[in-house]
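Trainee: entry-v9.txt is reproduced in full below (compact mmCIF, C-alpha atoms and all ligand atoms).
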# COMPACT_ATOMS: atom_id res chain seq x y z
CA MET V 1 53.45 -174.26 194.29
CA SER V 2 52.13 -174.57 190.78
CA ILE V 3 51.96 -177.79 188.75
CA PRO V 4 54.95 -177.73 186.35
CA LEU V 5 54.78 -178.56 182.63
CA ALA V 6 57.47 -181.26 182.54
CA VAL V 7 60.02 -182.02 185.25
CA PRO V 8 62.43 -184.95 185.67
CA ASN V 9 61.13 -188.15 187.24
CA LEU V 10 64.13 -189.41 189.28
CA GLU V 11 62.43 -192.12 191.31
CA GLY V 12 64.45 -195.07 189.93
CA ASN V 13 68.15 -195.95 190.22
CA GLU V 14 69.38 -192.42 189.47
CA GLY V 15 70.66 -191.76 193.01
CA ARG V 16 72.35 -195.14 193.33
CA TYR V 17 74.15 -194.82 189.96
CA LEU V 18 75.27 -191.26 190.76
CA GLN V 19 76.75 -192.54 194.02
CA GLU V 20 78.62 -195.20 192.01
CA CYS V 21 80.15 -192.43 189.87
CA VAL V 22 81.40 -190.67 193.00
CA SER V 23 82.64 -193.82 194.75
CA SER V 24 84.49 -194.99 191.63
CA THR V 25 85.74 -191.44 190.81
CA PHE V 26 84.46 -191.90 187.24
CA VAL V 27 82.70 -188.55 186.99
CA SER V 28 84.17 -187.34 183.69
CA SER V 29 83.76 -188.31 180.05
CA VAL V 30 85.11 -191.85 180.36
CA GLY V 31 83.26 -194.47 182.38
CA PRO V 32 81.05 -197.52 182.30
CA PHE V 33 77.74 -195.61 182.25
CA VAL V 34 78.76 -193.75 179.07
CA ASP V 35 79.18 -197.05 177.22
CA ARG V 36 76.07 -198.59 178.75
CA PHE V 37 73.94 -195.58 177.88
CA ALA V 38 75.22 -195.52 174.28
CA ALA V 39 74.40 -199.23 173.93
CA MET V 40 70.88 -198.63 175.27
CA ILE V 41 70.31 -195.82 172.76
CA SER V 42 71.60 -197.98 169.88
CA GLU V 43 69.32 -200.83 170.87
CA GLU V 44 66.28 -198.62 171.31
CA SER V 45 66.90 -197.08 167.86
CA GLY V 46 67.78 -200.32 166.11
CA ALA V 47 71.07 -198.61 165.18
CA ALA V 48 74.52 -200.11 164.68
CA ASP V 49 76.10 -197.58 167.01
CA SER V 50 75.55 -194.24 168.72
CA ALA V 51 77.54 -191.34 170.08
CA VAL V 52 76.33 -189.78 173.33
CA LEU V 53 77.01 -186.05 173.55
CA CYS V 54 76.39 -183.00 175.71
CA SER V 55 73.11 -181.78 174.17
CA GLY V 56 70.49 -182.45 171.54
CA THR V 57 71.47 -179.31 169.64
CA VAL V 58 75.03 -180.55 169.38
CA ALA V 59 73.80 -184.01 168.30
CA LEU V 60 71.99 -182.43 165.33
CA GLN V 61 75.00 -180.29 164.42
CA MET V 62 77.42 -183.24 164.66
CA ALA V 63 75.18 -185.50 162.55
CA LEU V 64 75.29 -182.89 159.78
CA GLU V 65 79.04 -182.30 160.09
CA GLY V 66 79.68 -186.05 160.26
CA LEU V 67 77.88 -186.38 156.92
CA GLY V 68 80.10 -183.68 155.44
CA ILE V 69 77.39 -181.02 155.39
CA GLY V 70 78.46 -177.43 156.08
CA PRO V 71 79.17 -174.06 154.45
CA GLY V 72 77.55 -173.66 151.03
CA ASP V 73 74.87 -176.24 151.85
CA LEU V 74 71.14 -175.98 152.39
CA VAL V 75 69.19 -178.20 154.81
CA ILE V 76 65.38 -178.41 154.71
CA CYS V 77 63.51 -178.37 158.03
CA PRO V 78 59.95 -177.61 159.14
CA SER V 79 59.33 -174.16 160.58
CA LEU V 80 57.19 -175.55 163.42
CA SER V 81 59.96 -176.58 165.82
CA PHE V 82 62.11 -175.47 168.71
CA ILE V 83 64.86 -172.99 167.73
CA ALA V 84 67.56 -175.67 168.25
CA THR V 85 66.67 -177.30 164.91
CA ALA V 86 67.57 -174.17 162.96
CA ASN V 87 70.51 -173.28 165.23
CA ALA V 88 72.12 -176.69 164.72
CA ILE V 89 71.93 -176.28 160.93
CA HIS V 90 73.41 -172.79 161.28
CA HIS V 91 76.25 -173.95 163.56
CA SER V 92 77.25 -176.64 161.04
CA GLY V 93 77.84 -173.79 158.57
CA ALA V 94 74.82 -174.73 156.45
CA THR V 95 71.64 -172.68 155.98
CA PRO V 96 68.11 -173.83 156.90
CA TRP V 97 65.36 -173.84 154.27
CA PHE V 98 62.09 -173.63 156.19
CA MET V 99 59.01 -175.55 155.05
CA ASP V 100 55.40 -175.39 156.20
CA VAL V 101 53.76 -178.35 157.98
CA THR V 102 50.42 -180.07 157.42
CA ALA V 103 47.50 -179.19 159.69
CA GLU V 104 46.84 -182.90 160.27
CA THR V 105 50.33 -183.88 161.48
CA TRP V 106 52.19 -180.64 162.40
CA THR V 107 55.18 -182.24 160.64
CA ILE V 108 56.79 -181.34 157.34
CA ASP V 109 54.46 -181.31 154.33
CA LEU V 110 56.06 -183.72 151.86
CA ALA V 111 53.88 -182.65 148.91
CA LEU V 112 54.93 -179.04 149.49
CA LEU V 113 58.54 -180.12 149.91
CA ARG V 114 58.49 -181.85 146.51
CA ARG V 115 56.91 -178.82 144.82
CA GLU V 116 59.47 -176.50 146.38
CA ILE V 117 62.40 -178.69 145.32
CA GLU V 118 61.03 -179.09 141.79
CA THR V 119 60.37 -175.39 141.27
CA LYS V 120 63.19 -173.72 143.25
CA THR V 121 66.18 -175.98 142.52
CA GLU V 122 67.91 -177.43 139.46
CA PRO V 123 70.23 -180.41 139.01
CA LEU V 124 73.98 -179.91 139.35
CA PRO V 125 76.55 -182.22 137.74
CA GLY V 126 77.20 -185.06 140.20
CA GLY V 127 73.63 -185.56 141.44
CA LEU V 128 73.06 -182.71 143.93
CA ARG V 129 70.72 -179.79 143.31
CA LEU V 130 71.29 -176.05 143.31
CA HIS V 131 68.83 -173.72 145.07
CA ARG V 132 68.64 -170.93 142.51
CA ALA V 133 67.77 -167.95 144.74
CA SER V 134 70.50 -168.56 147.34
CA GLY V 135 73.13 -170.30 145.17
CA LEU V 136 73.40 -173.01 147.88
CA ARG V 137 73.54 -176.78 147.32
CA LEU V 138 70.62 -178.75 148.71
CA ARG V 139 72.07 -181.55 150.87
CA ALA V 140 69.67 -182.85 153.49
CA ILE V 141 66.26 -182.93 155.12
CA MET V 142 65.95 -182.55 158.89
CA PRO V 143 62.40 -183.66 159.72
CA VAL V 144 61.17 -182.99 163.26
CA MET V 145 59.28 -185.61 165.26
CA ILE V 146 57.29 -182.88 166.90
CA MET V 147 56.53 -183.68 170.53
CA GLY V 148 57.52 -187.26 169.84
CA ALA V 149 55.11 -187.86 166.94
CA THR V 150 56.14 -190.38 164.31
CA LEU V 151 56.52 -189.61 160.60
CA ASP V 152 55.73 -191.22 157.27
CA PHE V 153 59.34 -192.40 157.12
CA ASP V 154 58.88 -194.49 153.96
CA ALA V 155 57.60 -191.55 151.90
CA LEU V 156 60.23 -189.27 153.42
CA VAL V 157 63.19 -191.57 152.74
CA ALA V 158 61.97 -192.32 149.18
CA LEU V 159 61.69 -188.60 148.44
CA ALA V 160 65.13 -187.90 149.91
CA ARG V 161 66.72 -190.65 147.79
CA GLU V 162 65.04 -189.32 144.67
CA PHE V 163 66.77 -185.96 145.14
CA GLY V 164 70.08 -187.27 146.52
CA LEU V 165 69.42 -185.91 150.04
CA ARG V 166 70.51 -187.16 153.45
CA VAL V 167 67.95 -187.52 156.25
CA VAL V 168 68.97 -186.37 159.73
CA VAL V 169 66.00 -186.77 162.06
CA ASP V 170 65.37 -184.30 164.85
CA GLY V 171 63.91 -186.92 167.16
CA ALA V 172 64.87 -184.81 170.19
CA ALA V 173 61.70 -185.79 172.06
CA ALA V 174 61.02 -189.10 170.33
CA ILE V 175 62.97 -191.71 172.25
CA GLY V 176 60.84 -194.88 172.22
CA ALA V 177 58.94 -194.05 169.01
CA ARG V 178 58.40 -196.67 166.29
CA ALA V 179 57.89 -196.39 162.54
CA SER V 180 54.98 -198.14 160.83
CA GLY V 181 55.16 -201.93 161.02
CA ASP V 182 56.59 -201.57 164.54
CA ARG V 183 60.06 -200.89 163.11
CA ARG V 184 62.80 -199.28 165.16
CA LEU V 185 63.56 -195.89 163.66
CA SER V 186 67.02 -196.65 162.30
CA ALA V 187 65.52 -199.50 160.21
CA THR V 188 63.65 -196.93 158.10
CA GLY V 189 66.79 -195.98 156.13
CA VAL V 190 67.34 -192.54 157.66
CA ASP V 191 71.01 -191.49 157.93
CA ALA V 192 70.96 -190.33 161.54
CA LEU V 193 68.61 -190.07 164.51
CA CYS V 194 69.25 -187.32 167.02
CA TYR V 195 67.88 -187.23 170.56
CA SER V 196 67.87 -184.72 173.42
CA PHE V 197 68.09 -185.65 177.10
CA ASN V 198 67.40 -182.17 178.40
CA GLY V 199 65.64 -181.90 181.77
CA ASN V 200 62.14 -181.58 180.30
CA LYS V 201 62.38 -184.51 177.87
CA THR V 202 60.81 -187.95 178.46
CA VAL V 203 64.27 -189.39 179.23
CA THR V 204 66.74 -186.96 180.78
CA CYS V 205 70.43 -186.98 181.68
CA GLY V 206 70.10 -183.54 183.27
CA GLY V 207 71.34 -182.40 179.88
CA GLY V 208 72.63 -184.40 176.95
CA GLY V 209 72.06 -185.72 173.46
CA ALA V 210 72.85 -188.61 171.15
CA VAL V 211 73.24 -189.52 167.51
CA ALA V 212 72.28 -193.08 166.51
CA ALA V 213 73.00 -194.41 163.03
CA ALA V 214 72.92 -197.56 160.94
CA ASP V 215 76.38 -196.68 159.58
CA PRO V 216 79.01 -197.24 162.28
CA GLY V 217 81.47 -195.19 160.17
CA LEU V 218 79.32 -192.08 160.70
CA ILE V 219 79.36 -192.62 164.47
CA SER V 220 83.17 -193.05 164.50
CA ARG V 221 83.54 -189.78 162.59
CA ILE V 222 81.21 -188.06 165.08
CA ARG V 223 83.22 -189.48 168.04
CA HIS V 224 86.40 -188.16 166.45
CA LEU V 225 84.80 -184.74 165.83
CA THR V 226 83.48 -184.49 169.38
CA THR V 227 86.55 -185.73 171.27
CA THR V 228 89.16 -183.21 170.09
CA GLY V 229 90.10 -185.01 166.86
CA ARG V 230 92.92 -186.86 168.57
CA VAL V 231 94.93 -189.46 166.66
CA GLY V 232 96.94 -191.99 168.64
CA ARG V 233 97.80 -191.73 172.33
CA ASP V 234 99.81 -188.52 172.25
CA TYR V 235 98.63 -184.99 171.62
CA ASP V 236 98.33 -185.22 167.86
CA HIS V 237 95.08 -183.93 166.38
CA ASP V 238 94.14 -184.05 162.69
CA ILE V 239 91.23 -181.60 162.70
CA ALA V 240 90.14 -178.54 164.71
CA ALA V 241 87.51 -180.55 166.56
CA TYR V 242 85.17 -180.09 169.51
CA ASN V 243 84.77 -181.28 173.07
CA PHE V 244 81.09 -182.22 173.04
CA ARG V 245 81.23 -185.35 175.20
CA MET V 246 78.68 -186.58 177.68
CA THR V 247 80.05 -187.30 181.17
CA ASN V 248 79.67 -190.53 183.13
CA VAL V 249 77.54 -188.56 185.62
CA GLN V 250 75.04 -187.58 182.93
CA ALA V 251 75.06 -191.09 181.48
CA ALA V 252 74.44 -192.61 184.96
CA ILE V 253 71.16 -190.68 185.15
CA GLY V 254 70.40 -191.67 181.55
CA VAL V 255 70.88 -195.40 182.21
CA ALA V 256 68.51 -195.26 185.19
CA GLN V 257 65.99 -193.37 183.06
CA MET V 258 66.19 -195.82 180.14
CA GLU V 259 65.50 -198.70 182.54
CA ARG V 260 62.05 -197.17 183.04
CA LEU V 261 61.34 -196.08 179.45
CA PRO V 262 58.33 -198.41 179.03
CA GLN V 263 56.70 -196.97 182.18
CA PHE V 264 57.44 -193.40 181.07
CA LEU V 265 55.88 -194.01 177.65
CA ALA V 266 52.80 -195.65 179.15
CA ARG V 267 52.22 -192.70 181.48
CA LYS V 268 52.73 -190.15 178.65
CA ALA V 269 50.14 -192.01 176.54
CA ASP V 270 47.77 -192.10 179.50
CA ILE V 271 48.09 -188.33 180.06
CA ALA V 272 47.55 -187.70 176.32
CA ARG V 273 44.33 -189.76 176.46
CA HIS V 274 42.98 -187.62 179.30
CA TYR V 275 43.59 -184.40 177.38
CA ALA V 276 42.10 -185.93 174.23
CA THR V 277 38.95 -186.83 176.19
CA LEU V 278 38.64 -183.25 177.39
CA ALA V 279 39.16 -181.89 173.85
CA ALA V 280 36.47 -184.25 172.53
CA ASP V 281 33.91 -182.57 174.82
CA HIS V 282 34.43 -179.13 173.26
CA ALA V 283 33.69 -178.44 169.60
CA ALA V 284 36.36 -175.73 169.31
CA LEU V 285 39.17 -178.00 170.55
CA SER V 286 41.17 -180.95 169.19
CA PRO V 287 43.90 -183.05 170.77
CA PHE V 288 47.47 -182.84 169.46
CA PRO V 289 47.83 -184.92 166.29
CA ALA V 290 48.83 -188.57 166.67
CA PRO V 291 49.84 -189.50 163.11
CA GLY V 292 49.11 -193.11 162.18
CA PHE V 293 52.62 -194.05 161.08
CA GLY V 294 53.65 -196.14 164.08
CA LEU V 295 54.03 -195.44 167.78
CA ASN V 296 53.85 -191.82 168.98
CA THR V 297 55.56 -190.99 172.26
CA HIS V 298 53.45 -188.00 173.40
CA TRP V 299 56.36 -186.13 174.98
CA PHE V 300 53.98 -183.21 175.30
CA SER V 301 50.24 -183.42 175.00
CA GLY V 302 47.41 -180.97 175.38
CA PHE V 303 44.94 -179.53 172.93
CA TYR V 304 44.61 -176.86 170.32
CA LEU V 305 41.95 -174.42 169.26
CA SER V 306 41.12 -176.11 165.98
CA ASP V 307 38.04 -174.03 165.17
CA MET V 308 39.57 -172.07 162.29
CA SER V 309 36.49 -169.85 161.97
CA ILE V 310 37.91 -167.99 164.99
CA PRO V 311 40.18 -165.31 163.46
CA GLN V 312 43.87 -165.21 164.24
CA ASP V 313 43.90 -162.16 166.55
CA ARG V 314 40.99 -163.60 168.55
CA ALA V 315 42.77 -166.94 168.82
CA ALA V 316 45.82 -165.17 170.27
CA ALA V 317 43.63 -163.32 172.80
CA ILE V 318 41.92 -166.59 173.83
CA SER V 319 45.33 -168.20 174.21
CA ASP V 320 46.44 -165.41 176.57
CA ALA V 321 43.20 -165.67 178.55
CA PHE V 322 43.50 -169.46 178.87
CA ARG V 323 47.09 -169.20 180.06
CA ALA V 324 46.15 -166.53 182.63
CA HIS V 325 43.23 -168.68 183.85
CA MET V 326 45.42 -171.77 184.27
CA VAL V 327 48.28 -169.90 185.96
CA GLN V 328 45.71 -168.45 188.35
CA ALA V 329 44.55 -172.02 189.07
CA GLY V 330 48.13 -173.06 189.89
CA VAL V 331 49.06 -174.68 186.57
CA ASP V 332 52.29 -173.63 184.87
CA LEU V 333 51.61 -172.91 181.18
CA ARG V 334 53.80 -171.30 178.52
CA LYS V 335 53.27 -170.10 175.01
CA PHE V 336 54.10 -172.63 172.34
CA TRP V 337 57.28 -172.29 170.19
CA LYS V 338 57.22 -169.38 167.78
CA PRO V 339 57.89 -170.78 164.27
CA LEU V 340 61.49 -170.66 163.09
CA HIS V 341 60.91 -168.48 160.03
CA LEU V 342 59.66 -165.73 162.39
CA GLN V 343 62.81 -165.86 164.55
CA ALA V 344 65.27 -162.96 164.25
CA PRO V 345 68.48 -165.07 163.94
CA HIS V 346 67.10 -166.88 160.86
CA ALA V 347 65.36 -163.96 159.18
CA GLY V 348 67.46 -164.28 156.03
CA ALA V 349 66.91 -168.02 155.46
CA PRO V 350 64.80 -169.19 152.51
CA ARG V 351 61.28 -170.40 153.30
CA SER V 352 58.11 -171.68 151.67
CA ALA V 353 54.78 -169.94 152.16
CA MET V 354 53.65 -170.68 155.76
CA PRO V 355 49.84 -170.62 155.92
CA VAL V 356 49.49 -173.63 158.26
CA CYS V 357 52.33 -172.79 160.62
CA GLU V 358 51.16 -169.21 161.02
CA ALA V 359 47.55 -170.27 161.56
CA ILE V 360 48.20 -172.86 164.27
CA TRP V 361 51.14 -171.91 166.46
CA GLN V 362 49.24 -169.56 168.75
CA ARG V 363 46.40 -172.06 169.09
CA ILE V 364 48.55 -174.81 170.62
CA TYR V 365 48.31 -175.40 174.38
CA PRO V 366 50.80 -177.90 175.85
CA LEU V 367 49.63 -179.03 179.30
CA PRO V 368 51.50 -180.58 182.25
CA CYS V 369 52.83 -184.02 181.35
CA SER V 370 55.56 -185.11 183.79
CA THR V 371 55.59 -188.91 183.96
CA HIS V 372 55.18 -188.82 187.75
CA LEU V 373 52.35 -186.26 187.62
CA PRO V 374 50.09 -187.35 190.49
CA GLU V 375 46.54 -188.36 189.53
CA SER V 376 45.18 -185.61 191.79
CA ASP V 377 47.24 -182.97 189.93
CA LEU V 378 46.05 -184.29 186.56
CA ASP V 379 42.44 -184.08 187.82
CA HIS V 380 43.09 -180.52 188.95
CA VAL V 381 44.48 -179.53 185.51
CA LEU V 382 41.52 -181.12 183.74
CA ALA V 383 39.00 -179.45 186.05
CA ALA V 384 40.63 -176.03 185.65
CA ALA V 385 40.68 -176.39 181.86
CA ARG V 386 37.01 -177.49 181.81
CA THR V 387 35.98 -174.45 183.82
CA PHE V 388 37.55 -172.22 181.17
CA TRP V 389 36.11 -173.94 178.10
CA GLN V 390 32.65 -174.36 179.64
CA GLY V 391 32.55 -170.74 180.75
CA ALA V 392 31.14 -167.87 178.70
CA SER V 393 34.16 -165.55 178.78
CA TRP V 394 36.23 -167.19 176.04
CA LYS V 395 33.22 -167.17 173.70
CA GLY V 396 33.06 -163.42 174.27
CA LEU V 397 36.67 -163.19 173.10
CA ALA V 398 35.96 -165.37 170.07
CA ALA V 399 32.92 -163.44 168.87
C1 LIG A 1 64.59 -180.33 173.04
C2 LIG A 1 64.68 -180.15 171.57
C3 LIG A 1 65.92 -179.90 170.93
C4 LIG A 1 67.20 -179.50 171.64
O1 LIG A 1 67.75 -180.30 172.54
P1 LIG A 1 68.79 -179.73 173.66
O2 LIG A 1 69.21 -180.95 174.34
O3 LIG A 1 67.98 -178.81 174.53
O4 LIG A 1 69.89 -179.04 172.95
C5 LIG A 1 65.94 -179.87 169.54
N1 LIG A 1 64.84 -180.05 168.82
C6 LIG A 1 63.62 -180.27 169.38
C7 LIG A 1 62.43 -180.47 168.50
C8 LIG A 1 63.51 -180.32 170.78
O5 LIG A 1 62.30 -180.54 171.31
Please, can you express the file's structure as structure tokens?
Mentor:
Amino acid sequence: MSIPLAVPNLEGNEGRYLQECVSSTFVSSVGPFVDRFAAMISEESGAADSAVLCSGTVALQMALEGLGIGPGDLVICPSLSFIATANAIHHSGATPWFMDVTAETWTIDLALLRREIETKTEPLPGGLRLHRASGLRLRAIMPVMIMGATLDFDALVALAREFGLRVVVDGAAAIGARASGDRRLSATGVDALCYSFNGNKTVTCGGGGAVAAADPGLISRIRHLTTTGRVGRDYDHDIAAYNFRMTNVQAAIGVAQMERLPQFLARKADIARHYATLAADHAALSPFPAPGFGLNTHWFSGFYLSDMSIPQDRAAAISDAFRAHMVQAGVDLRKFWKPLHLQAPHAGAPRSAMPVCEAIWQRIYPLPCSTHLPESDLDHVLAAARTFWQGASWKGLAA
């Protein structure tokens, strides 16, 4: 059996809480674990309230819809992300506007973002801005906390305010992160924080998501939107709403997971340090960025081929060879996410130039990082990776 990339660690109270769901018959969308889990997410985020939902994608979509963003609107996001970021914008009825990232952080390039806004949009009466080429109104920024990395929230929020934009954070993998000054993320002034509790995330519910916000009114609107838009106790509904609830069964797993969040984060940081040590031994490699804006959560860690003198096609060939070598050694590796502006469903969406994104995505190697990864498996991964980078064959590919 090969060593997986990221699988759920269910060694806490998960089984006991699931049994409580069955014994109490509270297995559906009402139940004590749903409320407890929502309270834990609010506390962790420093938010007034949160809505727990059935996926991270839906959390992003509902945050936008809850803020009144939809058809005719444009939402800025980085191109280096998982497809869900762009899909959520699309499902809200809005259109994504893809931006390049910086090579140092792999997150949205704020200097580029400002230049793009200043040159591609113009003020509309009422404070919003019109994107000239598409005729859409610019409404929000959806920054991505890539692999749980923190952001320069102060610069981001200041820039958003300057242009009248909302900030909906794709913090899918960032539960437990802190902003600079050890602030909880909601204290930074962002409008909404969205999380995923998919099976491969640091904290899982099997599947699930949440929106946390400083404005309890936004969370009430999202609850209304995601629970059929019912008014009163009878079957009266005031909008064509959704059923996007999380069940008590999912939340039971989530509560048990959140009880162990500090341990999970410590182990993720430990694994990241091991991969950084390996990268430091090889001139062509660097660890994943750990931006200095607070606490990074290292959902995924690994290294990337940062020697940019190796041309793009060679880098792709080395990537394939490394993956084949690791799979042969019993380590499950995948390609990294293909950038969003290269994805067929979003081919028509506006985008900035993408030199950084296009240069780095095939050079990124996420490595196994389950929180209960045994020390012996971690040693095996490190040894297998060393054999590859110390060997002569990859240099042949690079030359
Ligand atoms: C996991 C992830 C999502 C999607 O979450 P789901 O719960 O799978 O819908 C969105 N954005 C990013 C950056 C992610 O890593």
Trainee: Give me the stretch 175-274 of chain V side of the contact with stretch 297-320 of chain V, cut-off 6 Å, one line per residue showing its nearest atom pair and distance in Å at one decimal, counting only C-alpha atoms, sorted by chain and residue number, as CSV.
Mentor:
residue,atom,partner,partner_atom,distance
V:Ala177,CA,V:Thr297,CA,5.6
V:Thr202,CA,V:Trp299,CA,5.9
V:Lys268,CA,V:His298,CA,5.7
V:Ala272,CA,V:Ser301,CA,5.2
Trainee: Give as number ranges by chain each residue that has an atom at most 10 Å from (58.1, -194.9, 179.3) in the file, counting only C-alpha atoms.
Mentor: V: 175-176, 202-203, 257-269, 297, 299, 371
Trainee: Could you build a table of the residues in chain V lying no more than 9 Å from ligand LIG 1 (chain A), giving for each the nearest pair of atoms and their separation in Å rounded to one decimal place, using all atoms listed in the file, ordered by chain and ascending residue number, as a Markdown table?
Mentor:
| residue | atom | partner | partner_atom | distance |
| --- | --- | --- | --- | --- |
| V:Cys54 | CA | A:LIG1 | O2 | 7.6 |
| V:Ser55 | CA | A:LIG1 | O2 | 4.0 |
| V:Gly56 | CA | A:LIG1 | O2 | 3.4 |
| V:Thr57 | CA | A:LIG1 | O4 | 3.7 |
| V:Val58 | CA | A:LIG1 | O4 | 6.4 |
| V:Ala59 | CA | A:LIG1 | O4 | 7.8 |
| V:Leu60 | CA | A:LIG1 | C5 | 7.8 |
| V:Leu80 | CA | A:LIG1 | C7 | 8.8 |
| V:Ser81 | CA | A:LIG1 | C7 | 5.3 |
| V:Phe82 | CA | A:LIG1 | C7 | 5.0 |
| V:Ile83 | CA | A:LIG1 | N1 | 7.1 |
| V:Ala84 | CA | A:LIG1 | C5 | 4.7 |
| V:Thr85 | CA | A:LIG1 | N1 | 5.1 |
| V:Ala86 | CA | A:LIG1 | N1 | 8.7 |
| V:Ala88 | CA | A:LIG1 | C5 | 8.5 |
| V:Val144 | CA | A:LIG1 | C7 | 5.9 |
| V:Met145 | CA | A:LIG1 | C7 | 6.8 |
| V:Ile146 | CA | A:LIG1 | C7 | 5.9 |
| V:Met147 | CA | A:LIG1 | O5 | 6.6 |
| V:Gly148 | CA | A:LIG1 | O5 | 8.4 |
| V:Asp170 | CA | A:LIG1 | N1 | 5.8 |
| V:Gly171 | CA | A:LIG1 | C7 | 6.8 |
| V:Ala172 | CA | A:LIG1 | C8 | 4.7 |
| V:Ala173 | CA | A:LIG1 | O5 | 5.3 |
| V:Ala174 | CA | A:LIG1 | O5 | 8.7 |
| V:Cys194 | CA | A:LIG1 | C5 | 8.5 |
| V:Tyr195 | CA | A:LIG1 | O1 | 7.2 |
| V:Ser196 | CA | A:LIG1 | O2 | 4.1 |
| V:Phe197 | CA | A:LIG1 | O2 | 5.6 |
| V:Asn198 | CA | A:LIG1 | O2 | 4.6 |
| V:Gly199 | CA | A:LIG1 | O3 | 8.2 |
| V:Asn200 | CA | A:LIG1 | C1 | 7.8 |
| V:Lys201 | CA | A:LIG1 | C1 | 6.8 |
| V:Gly207 | CA | A:LIG1 | O2 | 6.1 |
| V:Gly208 | CA | A:LIG1 | O2 | 5.5 |
| V:Gly209 | CA | A:LIG1 | O2 | 5.6 |
| V:Trp299 | CA | A:LIG1 | O5 | 8.9 |
Trainee: Smallest atom-to-atom distance to V:Val356: which of V:Gly66, V:Pro78, V:Gly181, V:Gly31, using all atoms listed in the file?
Mentor: V:Pro78
Trainee: When distances are computed from all atoms listed in the file, which of V:Ile117, V:Ile271, V:Ala359, V:Val101 shows the smallest separation from V:Glu375?
Mentor: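 Checking each candidate against V:Glu375, we get V:Ile271 as the closest.
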Trainee: With distances taken over all atoms listed in the file, which of V:Ser393, V:Gln61, V:Ser134, V:Gln19 is nearest to V:Ile222?
Mentor: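 Nearest to V:Ile222: V:Gln61.
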Trainee: Which value, in Å to one decimal, gives the distance between atom CA of V:Gly292 and atom CA of V:Asp152?
Mentor: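 Taking atom CA of V:Gly292 and atom CA of V:Asp152, their separation equals 8.5 Å.
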Trainee: Could you check the closest approach to V:Ala347 for each of V:Gly294, V:Trp97, V:Phe163, V:Asp238 and tell me which residue wins, using all atoms listed in the file?
Mentor: V:Trp97
Trainee: Mind giving me the straight-line distance from atom CA of V:Gly135 to atom CA of V:Arg166 in Å, one decimal?
Mentor: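 We find that atom CA of V:Gly135 and atom CA of V:Arg166 lie 19.0 Å from each other.
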Trainee: Pick out the closest residue to V:Lys395 from this set: V:Gly93, V:Ile3, V:Pro32, V:Ala284. Count all atoms listed in the file.
Mentor: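 With all atoms listed in the file as the atom set, the closest residue is V:Ala284.
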Trainee: Extract, using all atoms listed in the file, all DNA, RNA and protein residues at most 10 Å from V:Tyr275, discarding same-chain residues fewer than 5 positions from it, and format them as a VMD selection string.
Mentor: chain V and resid 270 280 286 to 288 301 to 303 366 to 367 378 381 to 382 385
Trainee: Within 10 Å of V:His380, counting all atoms listed in the file, which residues show up once you throw out same-chain ones fewer than 4 positions away? Write them as JSON, numbers by chain, please.
Mentor: {"V": [3, 329, 330, 331, 374, 375, 376, 384, 385, 386]}
Trainee: Tell me, in Å to one decimal, how far atom CA of V:Met246 is from atom CA of V:Ala187.
Mentor: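 Between atom CA of V:Met246 and atom CA of V:Ala187 the gap is 25.4 Å.
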Trainee: From the list V:Val327, V:Val34, V:Leu285, V:Cys205, which residue is nearest V:Asn9 when using all atoms listed in the file?
Mentor: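 Ranking V:Val327, V:Val34, V:Leu285, V:Cys205 by distance to V:Asn9, first place goes to V:Cys205.
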Trainee: Just the residues within 7 Å of V:Ile41, please, counting all atoms listed in the file, with nothing from its chain fewer than 4 positions along; format it as JSON, numbers by chain.
Mentor: {"V": [37, 45, 50]}
Trainee: So that I can see what lies close to V:Ser370, please list as a VMD selection string the residues with an atom at most 7 Å from it, counting all atoms listed in the file and leaving out residues fewer than 6 positions away in the same chain.
Mentor: chain V and resid 5 to 7
Trainee: Skip V:Val157 itself and residues of its chain fewer than 3 positions away, then list as a JSON list (two decimals) with C-alpha atoms, keeping the file's coordinate frame all residues within 10 Å of it, counting all atoms listed in the file.
Mentor:
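Resulting contents of result.json:
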[["chain", "number", "residue", "atom", "x", "y", "z"],
["V", 141, "ILE", "CA", 66.26, -182.93, 155.12],
["V", 152, "ASP", "CA", 55.73, -191.22, 157.27],
["V", 153, "PHE", "CA", 59.34, -192.40, 157.12],
["V", 154, "ASP", "CA", 58.88, -194.49, 153.96],
["V", 160, "ALA", "CA", 65.13, -187.90, 149.91],
["V", 161, "ARG", "CA", 66.72, -190.65, 147.79],
["V", 162, "GLU", "CA", 65.04, -189.32, 144.67],
["V", 165, "LEU", "CA", 69.42, -185.91, 150.04],
["V", 166, "ARG", "CA", 70.51, -187.16, 153.45],
["V", 167, "VAL", "CA", 67.95, -187.52, 156.25],
["V", 188, "THR", "CA", 63.65, -196.93, 158.10],
["V", 189, "GLY", "CA", 66.79, -195.98, 156.13],
["V", 190, "VAL", "CA", 67.34, -192.54, 157.66],
["V", 191, "ASP", "CA", 71.01, -191.49, 157.93]]
